[in-house]
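Structure, as structure tokens:
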Amino acid sequence: MKPVWRRLCVPLGGLALILTVGCHGRPTYPKAHLTEAFQTLLAEERLHASVRFVDHTLAVQLEQPDALAQSGGQIGIGPAFDEATRKTLTVIHRVLLSTDAEVRFYVLLMSDPNVPGAYLTVVRYLDDVRRANVQMLDTPEMFARTIFELNFVGANVLTLEQYVPRDIRLEEFLSWQLARRIQHQLTEELQQDGLVNVGRCGGQFDNGEFAFTLDVSPSTAGSLDESTIQRVFRTATNLIAKVLSNYRFEDFESVRLTHPLTGRTLLLPKTRLEVFR
């Protein structure tokens with residue numbers, strides 16, 4: 001059963017900036033009563049949701065009928081998706097932008113009782129939300145910095161404790177974000193001419209190294225020519241350098257890019273990545 005990404009991404013674009021202005025002075029929602037505040041506000045919106053805090057990460061699980069849809073073995077969004085997501089994110093931003101709690105990330109895990117096993121995830125870095133709130137990020141950039149994931153887990157039932165067992169780290173978030181941005185950029189630059197297919201690109205951070213897999217294959221029989229392979233690596237490298245620079249993230253040692261089809265690997269120490277910024 002496959003998620004329908006094209007159908008999913010269009011309406012989510014309109015939700016890229018659902019922000020509220022934080023208050024000065026004493027926090028409206030003190031850290032000591034944060035969970036109660038969320039539960040009250042979500043209940044007022046008639047949302048069936050649960051809340052979990054793990055160190056600096058807020059996780060909200062929402063079950064909403066008709067938020068998702070299933071058709072012909074594919075999963076997409078349903079008629080209740082826009083309103084439910086808008087209300088939930090508005091509550092999240094309202095509280096997190098007006099609290100003294102040190103929350104760095106939030107995760108929204110959405111499911112639909114009518115489509116069991118399907119889960120939509122939204123992950124955001126709160127500093128991105130604050131920057132967008134003062135117009136330091138435009139809507140396309142904020143959308144690019146948001147993790148959207150639609151998964152089908154079969155008969156398994158996910159809980160917040162299982163899905164968010166610990167605090168999210170910035171290097172993890174950046175690896176997830178960059179993998180999706182690389183896939184999108186390669187699709188825009190290379191797939192439109194019909195010569196290649198771009199699949200799902202992966203990303204992870206381990207022992208000081210960002211590692212990304214670049215799933216690019218020829219659309220017909222044969223192999224990729226050298227100029228295309230070089231372009232794939234160059235596009236990914238430029239994007240990685242730009243994003244890490246924009247986040248001013250320096251706590252890494254190297255970046256490794258792998259093209260599984262050819263077995264080609266490019267290893268860039270942090271000092272060499274500076275050249276591409």
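Scheme for the structure tokens: letters A, B, ... for chains in order shown; per-chain residue numbers from 1; ligand numbers from 1 in order shown.
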Against segment 168-185 of chain A, which residues of segment 68-146 of chain A fall within 8 Å? For each one I want the closest pair of atoms and the distance in Å (one decimal), counting only C-alpha atoms, rows by chain and increasing residue number, as a tab-separated table.
residue	atom	partner	partner_atom	distance
A:Phe105	CA	A:Ile168	CA	6.9
A:Tyr125	CA	A:Phe173	CA	7.9
A:Ala144	CA	A:Arg181	CA	6.8
A:Arg145	CA	A:Gln177	CA	6.3
A:Thr146	CA	A:Gln177	CA	7.1
Could you save those same residues with C-alpha atoms as an mmCIF file, in the first residue's frame?
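Ended up saving to result-v3.cif:
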data_model
loop_
_atom_site.group_PDB
_atom_site.id
_atom_site.type_symbol
_atom_site.label_atom_id
_atom_site.label_comp_id
_atom_site.auth_asym_id
_atom_site.auth_seq_id
_atom_site.Cartn_x
_atom_site.Cartn_y
_atom_site.Cartn_z
ATOM 1 C CA PHE A 105 11.025 20.441 18.328
ATOM 2 C CA TYR A 125 12.190 22.924 14.653
ATOM 3 C CA ALA A 144 11.113 22.933 2.890
ATOM 4 C CA ARG A 145 12.255 22.940 6.530
ATOM 5 C CA THR A 146 9.243 20.918 7.658
#
Which parts of segment 9-252 of chain A does DSSP call helix (DSSP H, G or I) when run on the backbone here, written out as a ChimeraX atom specification?
/A:9-13,31-44,81-96,126-133,139-144,160-163,170-193,226-246
Would you give me, as JSON lines, each residue of segment 35-121 of chain A having an atom within 7 Å of an atom of segment 148-163 of chain A, along with its shortest atom pair and that distance in Å to one decimal, using only C-alpha atoms and sorting by chain and residue number?
{"residue": "A:Arg52", "atom": "CA", "partner": "A:Leu160", "partner_atom": "CA", "distance": 6.9}
{"residue": "A:Ala59", "atom": "CA", "partner": "A:Leu160", "partner_atom": "CA", "distance": 6.9}
{"residue": "A:Gln61", "atom": "CA", "partner": "A:Leu160", "partner_atom": "CA", "distance": 6.6}
{"residue": "A:Gly117", "atom": "CA", "partner": "A:Gly154", "partner_atom": "CA", "distance": 4.7}
{"residue": "A:Ala118", "atom": "CA", "partner": "A:Phe152", "partner_atom": "CA", "distance": 4.4}
{"residue": "A:Tyr119", "atom": "CA", "partner": "A:Asn151", "partner_atom": "CA", "distance": 5.4}
{"residue": "A:Leu120", "atom": "CA", "partner": "A:Leu150", "partner_atom": "CA", "distance": 4.4}
{"residue": "A:Thr121", "atom": "CA", "partner": "A:Glu149", "partner_atom": "CA", "distance": 5.0}
Please produce an output containing all heavy atoms for each residue in the selection, written as a CSV table (one decimal), in the first residue's frame.
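Okay, out08.csv is ready:
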chain,number,residue,atom,x,y,z
A,52,ARG,N,2.7,14.4,24.8
A,52,ARG,CA,3.8,13.9,25.5
A,52,ARG,C,5.0,14.8,25.3
A,52,ARG,O,5.3,15.3,24.2
A,52,ARG,CB,4.2,12.5,24.9
A,52,ARG,CG,5.5,11.9,25.3
A,52,ARG,CD,5.6,10.5,24.8
A,52,ARG,NE,7.0,10.0,24.9
A,52,ARG,CZ,7.5,9.4,25.9
A,52,ARG,NH1,6.8,9.2,27.0
A,52,ARG,NH2,8.7,8.9,25.9
A,59,ALA,N,5.4,16.1,21.6
A,59,ALA,CA,4.7,15.2,20.7
A,59,ALA,C,3.2,15.2,20.9
A,59,ALA,O,2.8,15.1,22.0
A,59,ALA,CB,5.3,13.7,20.8
A,61,GLN,N,-0.3,13.4,19.4
A,61,GLN,CA,-0.9,12.4,18.6
A,61,GLN,C,-2.4,12.7,18.4
A,61,GLN,O,-3.2,12.8,19.4
A,61,GLN,CB,-0.8,11.0,19.2
A,61,GLN,CG,-1.3,9.9,18.3
A,61,GLN,CD,-0.8,8.5,18.8
A,61,GLN,OE1,-0.4,8.4,20.0
A,61,GLN,NE2,-0.9,7.5,18.0
A,117,GLY,N,-3.6,1.8,10.4
A,117,GLY,CA,-2.2,1.5,10.0
A,117,GLY,C,-1.5,2.6,9.3
A,117,GLY,O,-0.3,2.6,9.0
A,118,ALA,N,-2.2,3.7,8.9
A,118,ALA,CA,-1.7,4.8,8.2
A,118,ALA,C,-1.4,6.0,9.2
A,118,ALA,O,-2.3,6.3,10.0
A,118,ALA,CB,-2.6,5.3,7.1
A,119,TYR,N,-0.2,6.6,9.1
A,119,TYR,CA,0.1,7.7,10.0
A,119,TYR,C,0.8,8.8,9.2
A,119,TYR,O,1.7,8.5,8.4
A,119,TYR,CB,1.1,7.2,11.1
A,119,TYR,CG,0.4,6.3,12.0
A,119,TYR,CD1,0.4,4.9,11.8
A,119,TYR,CD2,-0.2,6.7,13.2
A,119,TYR,CE1,-0.2,4.0,12.7
A,119,TYR,CE2,-0.8,5.9,14.1
A,119,TYR,CZ,-0.8,4.5,13.8
A,119,TYR,OH,-1.4,3.7,14.7
A,120,LEU,N,0.4,10.0,9.4
A,120,LEU,CA,1.0,11.2,8.9
A,120,LEU,C,1.8,11.9,10.0
A,120,LEU,O,1.3,12.1,11.1
A,120,LEU,CB,0.0,12.2,8.3
A,120,LEU,CG,0.6,13.5,7.9
A,120,LEU,CD1,1.5,13.4,6.7
A,120,LEU,CD2,-0.5,14.5,7.6
A,121,THR,N,3.1,12.2,9.7
A,121,THR,CA,4.0,12.8,10.7
A,121,THR,C,4.4,14.2,10.2
A,121,THR,O,4.7,14.4,9.0
A,121,THR,CB,5.2,12.0,10.9
A,121,THR,OG1,4.9,10.7,11.3
A,121,THR,CG2,6.1,12.6,12.0
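Backbone DSSP over segment 154-259 of chain A gives strand (DSSP E) for A:Val196, A:Asn197, A:Val198, A:Gly202, A:Gly203, A:Gln204, A:Phe205, A:Asp206, A:Glu209, A:Phe210, A:Ala211, A:Phe212, A:Thr213, A:Val216, A:Ser217, A:Pro218, A:Ser254, A:Val255, A:Arg256, A:Leu257, A:Thr258, A:His259.
The two atoms in question, atom CA of Ala211 of chain A and atom CA of Leu239 of chain A, are spaced 13.9 Å apart.
Going from atom CA of Leu273 of chain A to atom CA of Ala241 of chain A covers 6.1 Å.
Every protein or nucleic acid residue with an atom no more than 12 Å from Gly263 of chain A, counting only C-alpha atoms and leaving out same-chain residues fewer than 6 positions away, appears here: Thr213, Leu214, Asp215, Val216, Ile229 and Leu257 of chain A.
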Selection: 12 Å around Glu209 of chain A, only C-alpha atoms, excl. self and same-chain fewer than 4 positions, as a PyMOL selection string:
chain A and resi 171-172+174-175+203-205+250-257+267-270
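Compared by their closest atoms to Arg94 of chain A, and using only C-alpha atoms, the residues A:Arg130, A:Arg231, A:His48, A:Arg264 rank with A:Arg130 nearest.
Comparing the minimum interatomic distances between Thr235 of chain A and each of A:Ile77, A:Ala101, A:Leu186, A:Thr90, counting only C-alpha atoms, we find that A:Leu186 sits nearest.
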Residue with smallest distance to Leu42 of chain A - pool A:Val54, A:Val95, A:Leu68, A:Ile75, counting only C-alpha atoms
A:Val95
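Among the candidates A:Thr35, A:Thr40, A:Gln230, A:Gln135, the one nearest to Phe53 of chain A when counting only C-alpha atoms is A:Thr35.
A straight line drawn from atom CA of Val232 of chain A to atom CA of Thr262 of chain A is 12.2 Å long.
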Counting only C-alpha atoms, what is within 10 Å of Gln64 of chain A, bar same-chain residues fewer than 2 positions away, as a list in words?
Leu47, His48, Ala49, Gln61, Leu62, Asp66, Ala67, Leu68, Gly78, Ala80, Phe81, Ala84, Thr85, Met110, Ser111, Asp112, Pro113 and Asn114 of chain A
Distance query Thr187 of chain A at most 8 Å, only C-alpha atoms, self and fewer than 5 positions along chain excluded, as an MDAnalysis selection string:
chainID A and resid 192 197:198
